[in-house]
Every structure is written in C-alpha cells, then in structure tokens.
Amino acid sequence: MSSLAALVGALRAEARRTNERRLLVLHGTREACYEGAREALAASGVDRQETKLVGEHDALPAERVPPKRTNALLGTTTTVAMFDAHDSCRPNALGRVVGTVDGGGLVFFLVPPLAEWPDRRDGFDASLAVFPYDVEDVTGAFRTRLVSLLRAHPGIAIVDAGSRSVERDGRTHPAPRRRSGPNVGRSPGEPSRATGTTADGRTATGDREGTGFPAAVYERCLTADQRRCVRTFERLHGSRVAIVAEADRGRGKSSAAGLAAGALAADGKDALVTAPSYRASTELFARAAAVLTDLDIEVVPDDEANPRVLDTDSGRVRFVPPRVAADLVSRRSGSAAVDRGEGTGTVRTEVEGDFGADGRSEPDVVFVDEAAGLPIPVLDRLLGADRIAFTTTVHGYEGAGRGFTVRFRERLAASDHEVTETRLDEPVRYAAGDPIEVWVFRALLLDARPPVEPLVADAAPETVQYERLASADLLADEQLLREAFGLLVAAHYRTEPNDLARLLDGPNLAVRVLVHRGHVVSVCLLAREGGLPAERRRDLYEGKRIKGHMLPDLLTSQLSDEHASGLIGVRVVRIATHDAARSRGLGSHLLDRVRAELEGETTGHDRENGDRFGRVDWLGVGYGATPPLIDFWRANDFHTVHVSTTRNDRSGEHSALMLSGLTDRGEALTERHTRWFARRFPAVLSDALSALDPDIARGALSGAGVAIEPDLSAREWRVICGAAYGSGLYDADPGPFRRLALAYFTDPEASGALSDREERLLVRRVFQARPPETIARRLGYESKRQCLRGLGDAYATLADRYGDEIGRAERDRYG
C-alpha cells in the first residue's frame, strides 16, 4: 500500500470514529493531482454515488459540478467532495464544497504547488482585474492567507501530488469521547422525554398534551438544540405568532421546521412552505413526510421523488413560491399601511408547478425556510400570515445573507406578532468542534465579528484615528482584518466569501477605517471608477457594459452622457459604523476624512503599505434607498442623480445613486446630472416608479440639491389658484401642478412649509397619479372628498409661497 493510500485510509478511519471531517490537500500539476485523487478515492472505500467533484474537467469518477454553479450543492450532502482549484479558486465555491460533506467524510483540495500558488493568477483573479488594472495587479493576498491556514490548522493533511510525499498527515488523534444527543442512553422503543416551555408558560414533555406535538415528532430529533427548536414551534398553535430559528448551516433547523410542519399537518393544519427555491426546502419536506409516516398517517404526495404537496386526510404540507405565498397571506392583512407607500405596486407572480385545485387558498401556518435569501418586501408581505416561522442561516457557506438580520428584524419587532427566537448551535451532520468547520469559518471569515461593544462604546470623532489600509496591513494583523470585515458583514444585507477576496486582492479597491484605541469602529470600502479612454467611452455609450465601473456605466450608457465616464471618481462601495457607536457622527467623520484625502488635504495615518489615490474628480455612492439613508448622504453633501426603476433582488429596495464633486469638472458633472434628474424624475414617478415609497421620492428630489423654478404662465397660475381657492379641478390640467410641486421639493428653503402628510399627498396624487380613494386609505383621510380638499389646501400654501403678481391677484380674487 502506498503512503498516500495509507494516509487516506487513516484519515477516513479517524473521521468516521469521531464523526468529524478531514481535508486532504493534493498540490502539484493538475495531472498529478488527478492521479493522486484517483488513488485517494480508491483508498477511501467510498462509492462513486457518494462523491462530488467541483472543477472544470470531467476527469474523476464522481458527479461533476462547474465552479460557477456550486449553488446547486446547497441543501445536498456527500461523503467525499473534491475541489479542483487549478483554474480558479472561488471562495464561495470552496465554502459550498466543504459544506456538503457529512461527518466521517473527506474533502480533497486539488491545488497548484503551494509555494507558487499565491503568485499564480487564475480565472477568479481575472474577474477582480477591472480597467485600468490587469490580472497581474491582483495581489494574491487571499491565497497567501489560505495557504498559511492550510499548513497550520488541525485536521488537514498535505501531500505533494508529484512525489507522493506526505508533508502533513492531518490526523488529530483525539481522545475517545462520549456521543451526545437527545436520545443517548435511551432503551430501544423508549420515548424521548423532551422538556421545554410552551406558549402558555407550562412545562411539558414530548408526549402529546394540550397543544404539544406527539412524542414521535421528538423521536426524530438528533440533538438537544433541535428538540428545543421543535418545542418552540409548538407555539404556532397560537394566534399572531412569529418564530425565528437561527443557526449556522448543518444544525438541522430546516429539519426541525419539517418535523413541526408534519406535526401541524397531522393536527389538521394547512402548512405552507416557501423558500428562495424548492430545492432549498427538500430537507424540510423529507422530515415532514417522515414524521407523518411515523404517526401512521397516509401521505399522498404530488410527486414521489420531489413532492411539493404532501396531502393527508387531515391536513397538508405544500410548497409555494415566495411571491405567491405573499399574495396568499397578504389578502388577510390588506396591506393597509398608513403614511408609507411600500408594497403598493403590482407584484409579479412567479408560478412554479401545480399547487392543486385549491393551491392558492390561505394557509393556517407559514414556514419561511432560508428567509435571509428573500427580498425584504416579500418578507414584509408574508407578515400578513397569522402564524409564521422563519428559519435563517447565520453564517452561510454561500455568503452571509444579511437582509433578514440587517433590514427585516426591526420590522418584525414592530409587527403585531408575538415574536419568539430560538437558536441551534450543535451540529447535526458532524460532531461539534469539527476541525474542518473551524478551518473554513476562519479561512473565509464566516464568523467575523466587529469588536465587542465595551471596546468602542465611548468612541467619538475626537477619539479616533483615520487609517489607510492595504492588503499587506490586513494580512499582518488578523484582528484588524476580522474587525473590519466583521463590520461590513454586520452592516450589509449581503456579504459573501468572495467579498473577502475582493477586499484583499482587488486592485481597484481600498479600505479606510477609523480606529478607537486599537479597534475598528468605522470602515468604508472604496472603488476607483471612470477615467475611461475615448474608445471605451464610445463603446459604453453604444450599449456595451464594463465591469467595476458602476457609476460611469450608468451615467454614460443609461443617461446618455458619453463624457461622464472620462472623469475619475471614487465610489463608496460600503460604509459601516459599529452599532455601539452609531449616531455620534463617526460615519460622517469618516466620509469627511476620505473627502479630505481625495482633495489632498488629509494628514491621516498610513500603515506601512497604505494605498493612496491619485487625482479624483468626484466621490459617489449607490445604495438601497431608504429615507434615513437618503438623509444621511444628503447631509454629507451627496446629491441624487438617479433612482433605479427596479428593485434589488436581495434587498428589495430601489437603488439611489448620488455624486459629490471634488474638482471643477466633478462639480460640473454633478450639477449637470442633478438638474437632469430633477426634471425627469416626476415623469418616472408616474410610470415605472408609480409604487415608490413617497418618502423616498421626496427625499430623492430634495437630495438633488438644485432649485427648479416653477416657470408658470399667467394662465397656469389661474388654473392652480382656481383649484386651491375656488372650484377649479386638478384633473383639468395636471401639468402646472406638477411643475409647482417640483419647485417646492427642490427648494432648499422650503422645508416644513407643508406637513409630511401633505408632501406624501403631492407625491401620490400629482407625481404618481394614484386614485384619490387609494390615497385617502393610505394617508388616513376620512374620504376621497377630504383627500382632495387636502390637496387644494396644500396648493394654497404653495401659491402663497411661490405666486407672482398674477398668482397673488388670483388669490385675492377668491378672497
């Protein structure tokens, strides 16, 4: 037996004995690594059906998945997973590959020679090289750190594929340990006696009692955490209840939801399941079917292999796509939000599959699996359900989907549901403390955290130091890297492992931080954009796209300004401040220091390798628009140039793009586009943005920072005054009303002249042309008549403010 075969046999035996995983690194040429992998597979004794290969070449006896399609691995498991990183090492793909392997299994990592790998450039590196940089400008810092962790971490064996020399055997030689779990020590057939607290505060066991689930449900639980989670789901028997179950991947939260769904169906309930895709909910359906079978309830699936409906004589479990589910449950609530416009437009319904004759009926209870993967507006509408449970991944291998945590938590807390939270920490598929999970979390910073609150609780602008950081600085200081990346993860709705590589390797990106007593309290990620030569500007103008230049691309290709992409700018990609130090001006202070640096006035601290920018014409930003964020950027001298007409798939928000000029050319660019924006935006509000939140609309117009004169003729003033003071009608000629409303919203001196409700009324009726009956319900007017009277009163105020001699004469005419 060769040394490689013996090593693989030993790794597999130790992995099975400990219910952990082991990782084998084979480094060398692709051919040598494939040859070594074939030998390792044979030595592992694992069937081909239990192996997967992620790579570009179908060269090994395993199911192959292309690196760009590793999202297909989510929700699947295997015994051996192989990742060929010779063509590209995508961090997202690496995390997903590791995440598929069960306890007792192995990961084979096929890579170029480790000593050379950080200096080589691959397909993923090419994706980081945006103009004017090329692939040789990519730093390789991510792989430098990755190789270092491979060489140092327990549970990882390293073999030179060419010579077959074992450089590290990867075994941990752990002491025997007692297996843990909720059913350990139980005699065969003895029911599990899980205890917990029910909704009414009583202590109950897993035996059926009152509203509790049957004992057979708890027999299916694999850990104490899972049992507690299922116990929490018993509260779904109540009314206006919301459950949130959080866990890292592999903790059994979806299985727990499936057990609860099956128990509720057995009790006669219609349990609706929704998720970003049906595939993401397959484990939930498998557990629901299993528990129904355990309870001797006949199940009639619509499809034996991939059931979307589990029908029984009493209840059922069914899958419905998210937007369809939101339609079903929002009927009950009526979506009668007052003073805000979110969710009022026509929502596209995605119909996937056959939901049965009554598949669109309102359910008794809703389970939202992998909730972090859904847009916030859809989650909002799902709150129309009387009873609802959300399961969400805290540190997903596919990337930290933070929309649920960052954007949705406050809305959930403000709802009329009684919210109960539960968390699962103990792994189901492998033992706690599995060294490969620890390694992948550290390598991809899946568990990166900002500094603990006491360390930055007294941070203020006068206590912090501004620092410019380069990749070498972050590699040299693991705490600095974890704190900076942790802040970005905590603040942004979607930060993924690929973003860590971009942060460390992207030649167009730079990191700036505020440090308080050695700890990062604020961070921003900056991207150089623009400076395109004439030929590229022309291509962009004619419809070609260019990666890594978001604002120049928009200004030239969509807004038809060919010269805009010739100016050099810096875009704020992300900015975050520690929760413990928010509302103290630290974010604004960081932007002030960035602006001063770009204008050549800063005296900030450089670490040894701190990046510097050259001449820059503008500072810009694009973000998911909310009223508080618009106010923040406007207060920091950024001006609106565009609001997207479609929602971001993940955040569910429309994007606002803003500019701040730094040079004369940059000021001219900003002035040009803010004026264009202000003049076109009312028309867009009557069309593609007819459902936009009016608070976003009025904030975006005010944020343009340009004053637009009403420019009304004598006749048009008479039309407005007739409607404001007399018996005239708005509907007879809306144009003058729109121009006067635009003048008001862009007037920097007009703040407070109208009430918030009157401003929303102007947006809804005058810009978005919504029916007065609908506006009356939305804004709390008693009737359509009162709503129209409110519109007349608002225009009376505007006529008094902006009316010229003709306007004043018309006002006097009506007394």
# chains A, B, ... in the order shown; residues from 1 in each chain; ligands from 1
>>> residues_around(residues="region 81-89 of chain A", least_positions_apart="3", cutoff="7 Å", atoms="only C-alpha atoms", output="PyMOL selection string")
chain A and resi 30+51-55+78+97+101+106-112+122-124
>>> closest_residue(among="A:Arg442, A:Lys253, A:Arg512, A:Arg96", to="Ser471 (chain A)", atoms="only C-alpha atoms")
A:Arg512
>>> residues_around(residues="Gly790 (chain A)", least_positions_apart="3", cutoff="9 Å", atoms="only C-alpha atoms", output="VMD selection string")
chain A and resid 758 761 781 785 to 787 793 to 795
>>> select_by_dssp(residues="region 376-578 of chain A", states="strand (DSSP E or B)", output="PyMOL selection string")
chain A and resi 387-393+400-401+418-424+465-469+494-495+509-516+519-530+568-577
>>> write_last_selection(atoms="N, CA and C atoms", output="compact mmCIF listing (two decimals), in the first residue's frame")
# COMPACT_ATOMS: atom_id res chain seq x y z
N ARG A 387 -49.87 32.95 11.64
CA ARG A 387 -48.82 32.17 12.30
C ARG A 387 -47.70 31.95 11.30
N ILE A 388 -46.48 32.31 11.66
CA ILE A 388 -45.38 32.23 10.70
C ILE A 388 -44.09 31.89 11.42
N ALA A 389 -43.26 31.08 10.76
CA ALA A 389 -41.95 30.69 11.29
C ALA A 389 -40.89 30.99 10.23
N PHE A 390 -39.81 31.62 10.64
CA PHE A 390 -38.69 31.92 9.76
C PHE A 390 -37.49 31.09 10.20
N THR A 391 -36.84 30.40 9.28
CA THR A 391 -35.54 29.80 9.57
C THR A 391 -34.51 30.53 8.72
N THR A 392 -33.36 30.81 9.30
CA THR A 392 -32.35 31.58 8.57
C THR A 392 -30.96 31.17 9.00
N THR A 393 -30.04 31.20 8.04
CA THR A 393 -28.66 30.80 8.28
C THR A 393 -27.85 32.00 8.76
N ALA A 400 -23.01 35.40 3.63
CA ALA A 400 -23.86 35.83 4.73
C ALA A 400 -24.99 36.69 4.20
N GLY A 401 -26.15 36.08 3.98
CA GLY A 401 -27.31 36.86 3.55
C GLY A 401 -27.84 37.64 4.73
N GLU A 418 -46.47 38.09 18.26
CA GLU A 418 -45.64 37.74 19.42
C GLU A 418 -44.43 36.96 18.89
N VAL A 419 -43.26 37.57 18.98
CA VAL A 419 -42.06 37.00 18.36
C VAL A 419 -41.28 36.19 19.37
N THR A 420 -40.94 34.96 19.01
CA THR A 420 -40.09 34.09 19.83
C THR A 420 -38.88 33.68 19.00
N GLU A 421 -37.71 33.77 19.58
CA GLU A 421 -36.48 33.42 18.87
C GLU A 421 -35.85 32.19 19.49
N THR A 422 -35.25 31.38 18.63
CA THR A 422 -34.51 30.21 19.10
C THR A 422 -33.28 30.04 18.22
N ARG A 423 -32.27 29.42 18.77
CA ARG A 423 -31.01 29.26 18.03
C ARG A 423 -30.50 27.84 18.21
N LEU A 424 -29.96 27.28 17.13
CA LEU A 424 -29.37 25.95 17.17
C LEU A 424 -27.87 26.08 16.96
N GLN A 465 -8.67 57.56 15.08
CA GLN A 465 -7.60 57.84 14.12
C GLN A 465 -7.99 57.28 12.76
N TYR A 466 -7.80 58.07 11.72
CA TYR A 466 -8.10 57.68 10.35
C TYR A 466 -6.91 56.93 9.78
N GLU A 467 -7.16 55.73 9.23
CA GLU A 467 -6.07 54.92 8.70
C GLU A 467 -6.39 54.41 7.30
N ARG A 468 -5.36 54.42 6.45
CA ARG A 468 -5.42 53.86 5.11
C ARG A 468 -4.79 52.46 5.16
N LEU A 469 -5.53 51.47 4.72
CA LEU A 469 -5.07 50.09 4.85
C LEU A 469 -4.88 49.45 3.49
N ARG A 494 -25.86 41.68 2.23
CA ARG A 494 -25.26 40.50 1.60
C ARG A 494 -23.77 40.69 1.45
N THR A 495 -23.02 40.03 2.32
CA THR A 495 -21.57 39.99 2.22
C THR A 495 -21.18 38.53 2.16
N LEU A 509 -9.75 48.50 -5.36
CA LEU A 509 -10.41 48.73 -4.08
C LEU A 509 -9.42 49.21 -3.01
N ALA A 510 -9.93 49.96 -2.07
CA ALA A 510 -9.12 50.44 -0.95
C ALA A 510 -9.99 50.47 0.30
N VAL A 511 -9.35 50.27 1.44
CA VAL A 511 -10.04 50.23 2.73
C VAL A 511 -9.61 51.42 3.57
N ARG A 512 -10.57 52.10 4.17
CA ARG A 512 -10.30 53.19 5.09
C ARG A 512 -11.06 52.92 6.38
N VAL A 513 -10.43 53.17 7.51
CA VAL A 513 -11.04 52.87 8.80
C VAL A 513 -10.83 54.01 9.78
N LEU A 514 -11.70 54.04 10.78
CA LEU A 514 -11.48 54.83 11.98
C LEU A 514 -11.19 53.86 13.10
N VAL A 515 -10.09 54.07 13.79
CA VAL A 515 -9.65 53.16 14.85
C VAL A 515 -9.74 53.88 16.19
N HIS A 516 -10.37 53.21 17.15
CA HIS A 516 -10.50 53.74 18.51
C HIS A 516 -9.76 52.82 19.46
N HIS A 519 -9.00 49.48 17.93
CA HIS A 519 -10.10 48.67 17.41
C HIS A 519 -10.88 49.45 16.36
N VAL A 520 -11.31 48.73 15.31
CA VAL A 520 -12.02 49.36 14.20
C VAL A 520 -13.44 49.70 14.64
N VAL A 521 -13.79 50.98 14.52
CA VAL A 521 -15.14 51.41 14.89
C VAL A 521 -15.95 51.82 13.67
N SER A 522 -15.28 52.23 12.60
CA SER A 522 -15.95 52.55 11.33
C SER A 522 -15.06 52.09 10.19
N VAL A 523 -15.68 51.66 9.10
CA VAL A 523 -14.92 51.18 7.95
C VAL A 523 -15.66 51.57 6.67
N CYS A 524 -14.91 51.87 5.63
CA CYS A 524 -15.52 52.04 4.32
C CYS A 524 -14.64 51.38 3.27
N LEU A 525 -15.29 50.83 2.27
CA LEU A 525 -14.63 50.20 1.14
C LEU A 525 -14.83 51.11 -0.07
N LEU A 526 -13.73 51.50 -0.70
CA LEU A 526 -13.77 52.45 -1.80
C LEU A 526 -13.32 51.79 -3.09
N ALA A 527 -13.91 52.21 -4.21
CA ALA A 527 -13.55 51.68 -5.53
C ALA A 527 -13.23 52.83 -6.48
N ARG A 528 -12.11 52.70 -7.17
CA ARG A 528 -11.77 53.67 -8.21
C ARG A 528 -12.59 53.37 -9.44
N GLU A 529 -13.22 54.40 -10.03
CA GLU A 529 -14.04 54.21 -11.22
C GLU A 529 -13.76 55.32 -12.23
N GLY A 530 -14.13 55.07 -13.49
CA GLY A 530 -14.01 56.09 -14.53
C GLY A 530 -12.62 56.18 -15.11
N ILE A 568 -12.41 60.72 -13.49
CA ILE A 568 -12.01 59.71 -12.50
C ILE A 568 -12.76 59.98 -11.20
N GLY A 569 -13.33 58.92 -10.65
CA GLY A 569 -14.06 59.06 -9.40
C GLY A 569 -13.76 57.94 -8.43
N VAL A 570 -14.24 58.09 -7.23
CA VAL A 570 -14.16 57.05 -6.20
C VAL A 570 -15.56 56.81 -5.67
N ARG A 571 -15.99 55.57 -5.74
CA ARG A 571 -17.32 55.20 -5.23
C ARG A 571 -17.19 54.57 -3.85
N VAL A 572 -18.05 54.99 -2.93
CA VAL A 572 -18.14 54.35 -1.63
C VAL A 572 -18.94 53.07 -1.82
N VAL A 573 -18.26 51.93 -1.83
CA VAL A 573 -18.93 50.66 -2.07
C VAL A 573 -19.75 50.26 -0.85
N ARG A 574 -19.14 50.39 0.33
CA ARG A 574 -19.83 50.09 1.58
C ARG A 574 -19.25 50.96 2.68
N ILE A 575 -20.08 51.28 3.65
CA ILE A 575 -19.61 52.01 4.82
C ILE A 575 -20.38 51.49 6.02
N ALA A 576 -19.72 51.32 7.13
CA ALA A 576 -20.37 50.77 8.31
C ALA A 576 -19.74 51.35 9.56
N THR A 577 -20.57 51.57 10.56
CA THR A 577 -20.12 52.02 11.88
C THR A 577 -20.65 51.04 12.92
